[in-house]
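J.: First, the structure itself, so that you have it in front of you.
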Amino acid sequence: MIWGLYAMLGENMWVREKQELSFSFNAWNKVVDASHKAGINMIILDLGEGVKWETHPELAKKGAWGREQIKKEVLRLRELGIALIPKINLSTCHDLWLGPYRTEITKPLYYRVVRDLIRECYDLFLEPEYIHLGMDEEGDFTQQISYPNLIRYRKGDLLWHDLNWMLDCVRSTGATPWIWADFCMTDYDNFVKNVSTENLLLSPWYYNAVKKEHFTYLTPGSDGYINAQRYPYNFMKFDYEEDKPLLKLTRENMVPCAKAGYDVVPCTSDCFKCAYNTEDMFEHFKENAPKERVKGFMTAPWKGTIDSEVDEILKNISLLAEAKKKYYGE
């Protein structure tokens, strides 16, 4: 089983573009130590602007990791029983890190750069079992919120072409592609029609409670509450029956991904300050999804690997550890 943690190296996947890496090795070491003690066996590292790519060095920001630093960490974590998995987000909603290439979608240059980066990921991370491509939240409404000055996103035939092309790029390296399950959860019929179940890992995600008695309204200070200020409707007042997040990533849409034959690693988070999210997600998938399709669980604190946010990350690690012990005895 995969017991995974999402962590950030770079942060230029959102609207706050930074010119210098804010990553803290002190925080990173605390995260790695806590993960090891909690039985986490995989850390999915979002690279962004944090790598000195040999193929495209222009994408790195000050403080980015070089090849030797990356390989050193990969080997160090392997000694601890933790696989370090590269993640690059190729959703047009989360690709600020791609710099000048983010506006080149559909052009030969874009496909060449993406292929270069995927191949280099496989080499840098010493032939990882998986390469995560992100691909969450792509769509017109999300784009209007994230990039009000530039609306561009894939849809229809272009979406399925690009997605399958990128998945095949990963498969050609020998790794298995891993993506967020957004497209399967929000456009199920077209996803299962266009994307094969073979050699693919999906992560359905949901950050509130699954059980009605555990449902939590968004509270001031939570990531969900802060993001909700930007939405053109009153997200904070939704009750359990009306809980319809921005992309309709609801409780009911998670398990069908697994029932359709896709391997899944559901993702939990404490970012909405719902104390029951992780436990509810474990129970929901264990009781309702095909056992053979659930390959593990992961948690995403959605915090930077910096000293001021490390406690939030450690809390998510603890919640995952408690749930896996309760439901899987590990």
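Every chain in the structure tokens has a letter given in the order shown (A, B, ...), and although residue numbers restart at 1 in each chain, ligands are simply numbered from 1 in the order shown.
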Show me a table, sorted first by chain and then by increasing residue number, of the residues of segment 108-227 of chain A having an atom at most 6 Å from segment 273-279 of chain A, each with its shortest atom pair and the distance in Å to one decimal, counting only C-alpha atoms and written as CSV.

T.:
residue,atom,partner,partner_atom,distance
A:Tyr207,CA,A:Asn277,CA,6.0
A:Asn208,CA,A:Asn277,CA,5.3
A:Ala209,CA,A:Asn277,CA,4.6
A:Thr216,CA,A:Cys274,CA,5.8

J.: Got a sec to tell me which of segment 137-221 of chain A DSSP assigns to strand (DSSP E), as a ChimeraX atom specification?

T.: /A:176-180,201-203

J.: Those residues with N, CA and C atoms, as a compact mmCIF listing (two decimals), in the first residue's frame please?

T.:
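Result saved to again.txt:
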# COMPACT_ATOMS: atom_id res chain seq x y z
N THR A 176 4.95 4.86 -14.17
CA THR A 176 3.50 4.91 -14.28
C THR A 176 3.03 6.35 -14.06
N PRO A 177 2.20 6.88 -14.96
CA PRO A 177 1.70 8.24 -14.77
C PRO A 177 0.66 8.30 -13.65
N TRP A 178 0.67 9.42 -12.93
CA TRP A 178 -0.22 9.64 -11.79
C TRP A 178 -0.80 11.04 -11.96
N ILE A 179 -2.12 11.18 -11.85
CA ILE A 179 -2.76 12.50 -11.97
C ILE A 179 -3.86 12.62 -10.93
N TRP A 180 -4.25 13.86 -10.64
CA TRP A 180 -5.45 14.08 -9.84
C TRP A 180 -6.65 13.60 -10.64
N LEU A 201 -2.55 5.89 -12.50
CA LEU A 201 -2.96 6.05 -11.10
C LEU A 201 -3.69 7.38 -10.96
N LEU A 202 -4.87 7.35 -10.34
CA LEU A 202 -5.67 8.55 -10.11
C LEU A 202 -5.77 8.84 -8.61
N SER A 203 -5.84 10.13 -8.28
CA SER A 203 -6.09 10.51 -6.89
C SER A 203 -7.36 11.35 -6.78

J.: Calculated over only C-alpha atoms, which of the candidates A:Glu312, A:Asp263, A:Asp140, A:Asp123 has the smallest distance to Asn199 of chain A?

T.: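 Of all the options, A:Asp263 lies closest to Asn199 of chain A.
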
J.: Just list the residues in segment 88-309 of chain A DSSP gives helix (DSSP H, G or I) on the backbone, as a PyMOL selection string.

T.: chain A and resi 96-103+108-124+140-146+156-173+182-186+188-194+212-214+223-228+235-237+251-253+255-259+277-288+291-293+307-309

J.: Smallest atom-to-atom distance to Glu17 of chain A: which of A:Lys303, A:Val114, A:Ala323, A:Trp97, using only C-alpha atoms?

T.: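 So, comparing all the options, the nearest one is A:Trp97.
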
J.: Give me the residues within 10 Å of Lys211 of chain A as number ranges by chain, counting only C-alpha atoms and dropping any in the same chain fewer than 5 places off.

T.: A: 240, 251, 276-277, 280-281, 283-284

J.: With a distance cut-off of 10 Å and only C-alpha atoms, select the neighbouring residues of Leu133 of chain A, excluding the residue or stretch itself and same-chain residues fewer than 3 positions from it, and output the selection as a CSV table (one decimal) with C-alpha atoms, in the first residue's frame.

T.:
chain,number,residue,atom,x,y,z
A,46,ASP,CA,6.0,19.2,-6.4
A,86,PRO,CA,8.6,13.8,-8.8
A,87,LYS,CA,5.5,15.9,-9.5
A,88,ILE,CA,5.2,18.5,-12.2
A,89,ASN,CA,1.8,20.2,-12.8
A,90,LEU,CA,0.8,20.5,-16.4
A,91,SER,CA,-2.7,21.8,-15.8
A,118,ILE,CA,9.3,14.2,-18.1
A,130,TYR,CA,5.6,7.0,-10.7
A,136,ASP,CA,-6.2,19.4,-11.5
A,163,LEU,CA,-3.7,14.2,-21.6
A,166,MET,CA,1.5,13.2,-21.6
A,167,LEU,CA,0.5,9.9,-20.0
A,170,VAL,CA,5.6,9.0,-18.8
A,177,PRO,CA,1.7,8.2,-14.8
A,178,TRP,CA,-0.2,9.6,-11.8
A,179,ILE,CA,-2.8,12.5,-12.0
A,180,TRP,CA,-5.4,14.1,-9.8

J.: From the set A:Ala300, A:Ile105, A:Val192, A:Leu320, which residue has the shortest atom-to-atom contact distance to Met8 of chain A, counting only C-alpha atoms?

T.: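 Result for the nearest residue to Met8 of chain A: A:Ala300.
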
J.: Residues at most 12 Å from Ala64 of chain A, counting only C-alpha atoms, excluding those fewer than 2 positions away in the same chain, as a PyMOL selection string?

T.: chain A and resi 9-11+18-24+47-53+57-62+66-70

J.: How far is it from atom CA of Thr92 of chain A to atom CA of Arg171 of chain A, in Å with one decimal?

T.: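 Answer for the atom CA of Thr92 of chain A to atom CA of Arg171 of chain A separation: 21.4 Å.
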
J.: Could you give me, as a list in words, the residues within 10 Å of segment 29-33 of chain A, counting only C-alpha atoms and dropping anything in the same chain fewer than 2 positions from it?

T.: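 Near segment 29-33 of chain A, the qualifying residues are Leu5, Ala7, Ser24, Phe25, Asn26, Ala27, Ser35, His36, Lys37, Ala38, Ile40, Ile43, Leu77, Leu80, Ile82, Thr305, Asp307, Val310, Asp311, Ile313, Leu314 and Ile317 of chain A.
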
J.: Restrict the selected residues to N, CA, C and O atoms and save them as a PDB file, in the first residue's frame.

T.:
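Result saved to again18.pdb:
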ATOM      1  N   LEU A   5       2.615  11.364   1.124  1.00  0.00           N
ATOM      2  CA  LEU A   5       2.541  12.755   1.558  1.00  0.00           C
ATOM      3  C   LEU A   5       2.902  13.650   0.383  1.00  0.00           C
ATOM      4  O   LEU A   5       3.937  13.461  -0.255  1.00  0.00           O
ATOM      5  N   ALA A   7       4.288  17.126  -0.851  1.00  0.00           N
ATOM      6  CA  ALA A   7       5.146  18.176  -0.309  1.00  0.00           C
ATOM      7  C   ALA A   7       5.583  19.097  -1.437  1.00  0.00           C
ATOM      8  O   ALA A   7       5.609  18.714  -2.608  1.00  0.00           O
ATOM      9  N   SER A  24      12.705  25.423   3.002  1.00  0.00           N
ATOM     10  CA  SER A  24      13.574  25.379   4.175  1.00  0.00           C
ATOM     11  C   SER A  24      14.038  23.954   4.428  1.00  0.00           C
ATOM     12  O   SER A  24      13.215  23.048   4.603  1.00  0.00           O
ATOM     13  N   PHE A  25      15.354  23.742   4.471  1.00  0.00           N
ATOM     14  CA  PHE A  25      15.863  22.402   4.754  1.00  0.00           C
ATOM     15  C   PHE A  25      15.565  21.985   6.190  1.00  0.00           C
ATOM     16  O   PHE A  25      15.398  20.794   6.474  1.00  0.00           O
ATOM     17  N   ASN A  26      15.484  22.928   7.088  1.00  0.00           N
ATOM     18  CA  ASN A  26      15.113  22.617   8.466  1.00  0.00           C
ATOM     19  C   ASN A  26      13.702  22.031   8.513  1.00  0.00           C
ATOM     20  O   ASN A  26      13.460  20.998   9.154  1.00  0.00           O
ATOM     21  N   ALA A  27      12.777  22.674   7.810  1.00  0.00           N
ATOM     22  CA  ALA A  27      11.403  22.159   7.751  1.00  0.00           C
ATOM     23  C   ALA A  27      11.348  20.819   7.028  1.00  0.00           C
ATOM     24  O   ALA A  27      10.654  19.885   7.449  1.00  0.00           O
ATOM     25  N   SER A  35       7.633  11.700   8.733  1.00  0.00           N
ATOM     26  CA  SER A  35       7.084  10.738   7.773  1.00  0.00           C
ATOM     27  C   SER A  35       7.627   9.339   8.040  1.00  0.00           C
ATOM     28  O   SER A  35       6.880   8.345   8.023  1.00  0.00           O
ATOM     29  N   HIS A  36       8.914   9.260   8.288  1.00  0.00           N
ATOM     30  CA  HIS A  36       9.545   7.973   8.577  1.00  0.00           C
ATOM     31  C   HIS A  36       8.934   7.336   9.825  1.00  0.00           C
ATOM     32  O   HIS A  36       8.577   6.147   9.819  1.00  0.00           O
ATOM     33  N   LYS A  37       8.765   8.115  10.881  1.00  0.00           N
ATOM     34  CA  LYS A  37       8.191   7.603  12.131  1.00  0.00           C
ATOM     35  C   LYS A  37       6.735   7.210  11.963  1.00  0.00           C
ATOM     36  O   LYS A  37       6.240   6.300  12.640  1.00  0.00           O
ATOM     37  N   ALA A  38       6.020   7.892  11.062  1.00  0.00           N
ATOM     38  CA  ALA A  38       4.593   7.629  10.869  1.00  0.00           C
ATOM     39  C   ALA A  38       4.329   6.476   9.900  1.00  0.00           C
ATOM     40  O   ALA A  38       3.181   6.092   9.697  1.00  0.00           O
ATOM     41  N   ILE A  40       5.017   6.548   6.654  1.00  0.00           N
ATOM     42  CA  ILE A  40       4.802   7.027   5.288  1.00  0.00           C
ATOM     43  C   ILE A  40       5.929   6.478   4.409  1.00  0.00           C
ATOM     44  O   ILE A  40       7.105   6.562   4.768  1.00  0.00           O
ATOM     45  N   ILE A  43       6.819  10.178  -0.665  1.00  0.00           N
ATOM     46  CA  ILE A  43       6.611  11.617  -0.659  1.00  0.00           C
ATOM     47  C   ILE A  43       6.565  12.084  -2.108  1.00  0.00           C
ATOM     48  O   ILE A  43       7.485  11.827  -2.884  1.00  0.00           O
ATOM     49  N   LEU A  77      16.287   9.173   1.253  1.00  0.00           N
ATOM     50  CA  LEU A  77      14.932   8.752   1.618  1.00  0.00           C
ATOM     51  C   LEU A  77      14.714   7.265   1.359  1.00  0.00           C
ATOM     52  O   LEU A  77      13.995   6.596   2.112  1.00  0.00           O
ATOM     53  N   LEU A  80      15.525   5.238   4.168  1.00  0.00           N
ATOM     54  CA  LEU A  80      14.507   5.305   5.215  1.00  0.00           C
ATOM     55  C   LEU A  80      13.233   4.554   4.831  1.00  0.00           C
ATOM     56  O   LEU A  80      12.265   4.520   5.594  1.00  0.00           O
ATOM     57  N   ILE A  82      11.428   5.390   2.108  1.00  0.00           N
ATOM     58  CA  ILE A  82      10.505   6.371   1.517  1.00  0.00           C
ATOM     59  C   ILE A  82      10.898   6.625   0.061  1.00  0.00           C
ATOM     60  O   ILE A  82      12.031   7.011  -0.229  1.00  0.00           O
ATOM     61  N   THR A 305       6.998  24.063   2.260  1.00  0.00           N
ATOM     62  CA  THR A 305       7.980  23.425   3.137  1.00  0.00           C
ATOM     63  C   THR A 305       8.862  24.526   3.723  1.00  0.00           C
ATOM     64  O   THR A 305      10.022  24.709   3.348  1.00  0.00           O
ATOM     65  N   ASP A 307       9.524  26.934   7.584  1.00  0.00           N
ATOM     66  CA  ASP A 307       9.456  26.799   9.040  1.00  0.00           C
ATOM     67  C   ASP A 307       8.115  27.250   9.617  1.00  0.00           C
ATOM     68  O   ASP A 307       7.604  26.640  10.554  1.00  0.00           O
ATOM     69  N   VAL A 310       5.475  24.342   8.896  1.00  0.00           N
ATOM     70  CA  VAL A 310       5.811  22.929   9.063  1.00  0.00           C
ATOM     71  C   VAL A 310       4.879  22.232  10.046  1.00  0.00           C
ATOM     72  O   VAL A 310       4.562  21.034   9.886  1.00  0.00           O
ATOM     73  N   ASP A 311       4.397  22.918  11.073  1.00  0.00           N
ATOM     74  CA  ASP A 311       3.498  22.275  12.037  1.00  0.00           C
ATOM     75  C   ASP A 311       2.206  21.800  11.382  1.00  0.00           C
ATOM     76  O   ASP A 311       1.641  20.776  11.774  1.00  0.00           O
ATOM     77  N   ILE A 313       1.971  20.752   8.323  1.00  0.00           N
ATOM     78  CA  ILE A 313       2.324  19.537   7.588  1.00  0.00           C
ATOM     79  C   ILE A 313       2.404  18.348   8.538  1.00  0.00           C
ATOM     80  O   ILE A 313       1.885  17.259   8.244  1.00  0.00           O
ATOM     81  N   LEU A 314       3.019  18.548   9.689  1.00  0.00           N
ATOM     82  CA  LEU A 314       3.161  17.472  10.667  1.00  0.00           C
ATOM     83  C   LEU A 314       1.803  16.996  11.164  1.00  0.00           C
ATOM     84  O   LEU A 314       1.610  15.803  11.425  1.00  0.00           O
ATOM     85  N   ILE A 317       0.401  14.618   8.631  1.00  0.00           N
ATOM     86  CA  ILE A 317       1.092  13.342   8.734  1.00  0.00           C
ATOM     87  C   ILE A 317       0.509  12.516   9.872  1.00  0.00           C
ATOM     88  O   ILE A 317       0.247  11.313   9.723  1.00  0.00           O
TER      89      ILE A 317
END

J.: Identify which of the residues A:Ile306, A:Ala83, A:Ala321, A:Leu249 lies closest to Phe282 of chain A, counting only C-alpha atoms when measuring atom-to-atom distances.

T.: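 Going through A:Ile306, A:Ala83, A:Ala321, A:Leu249 one by one, the smallest distance to Phe282 of chain A is for A:Ala321.
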
J.: Can you list, as a list in words, every protein, DNA or RNA residue that comes within 7 Å of Pro266 of chain A when you count only C-alpha atoms, leaving out same-chain residues fewer than 5 positions away?

T.: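 Final neighbour list, sorted by chain and number: Ser203, Pro204, Trp205, Phe297 and Met298 of chain A.
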
J.: A:Glu241, A:Asp189, A:Glu129, A:Glu292: which is nearest Lys212 of chain A, counting only C-alpha atoms?

T.: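 Among the listed residues, the smallest separation from Lys212 of chain A belongs to A:Glu241.
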
J.: Grab the atom CA of Asp116 of chain A to atom CA of Glu138 of chain A distance for me, in Å with one decimal place.

T.: 22.4 Å
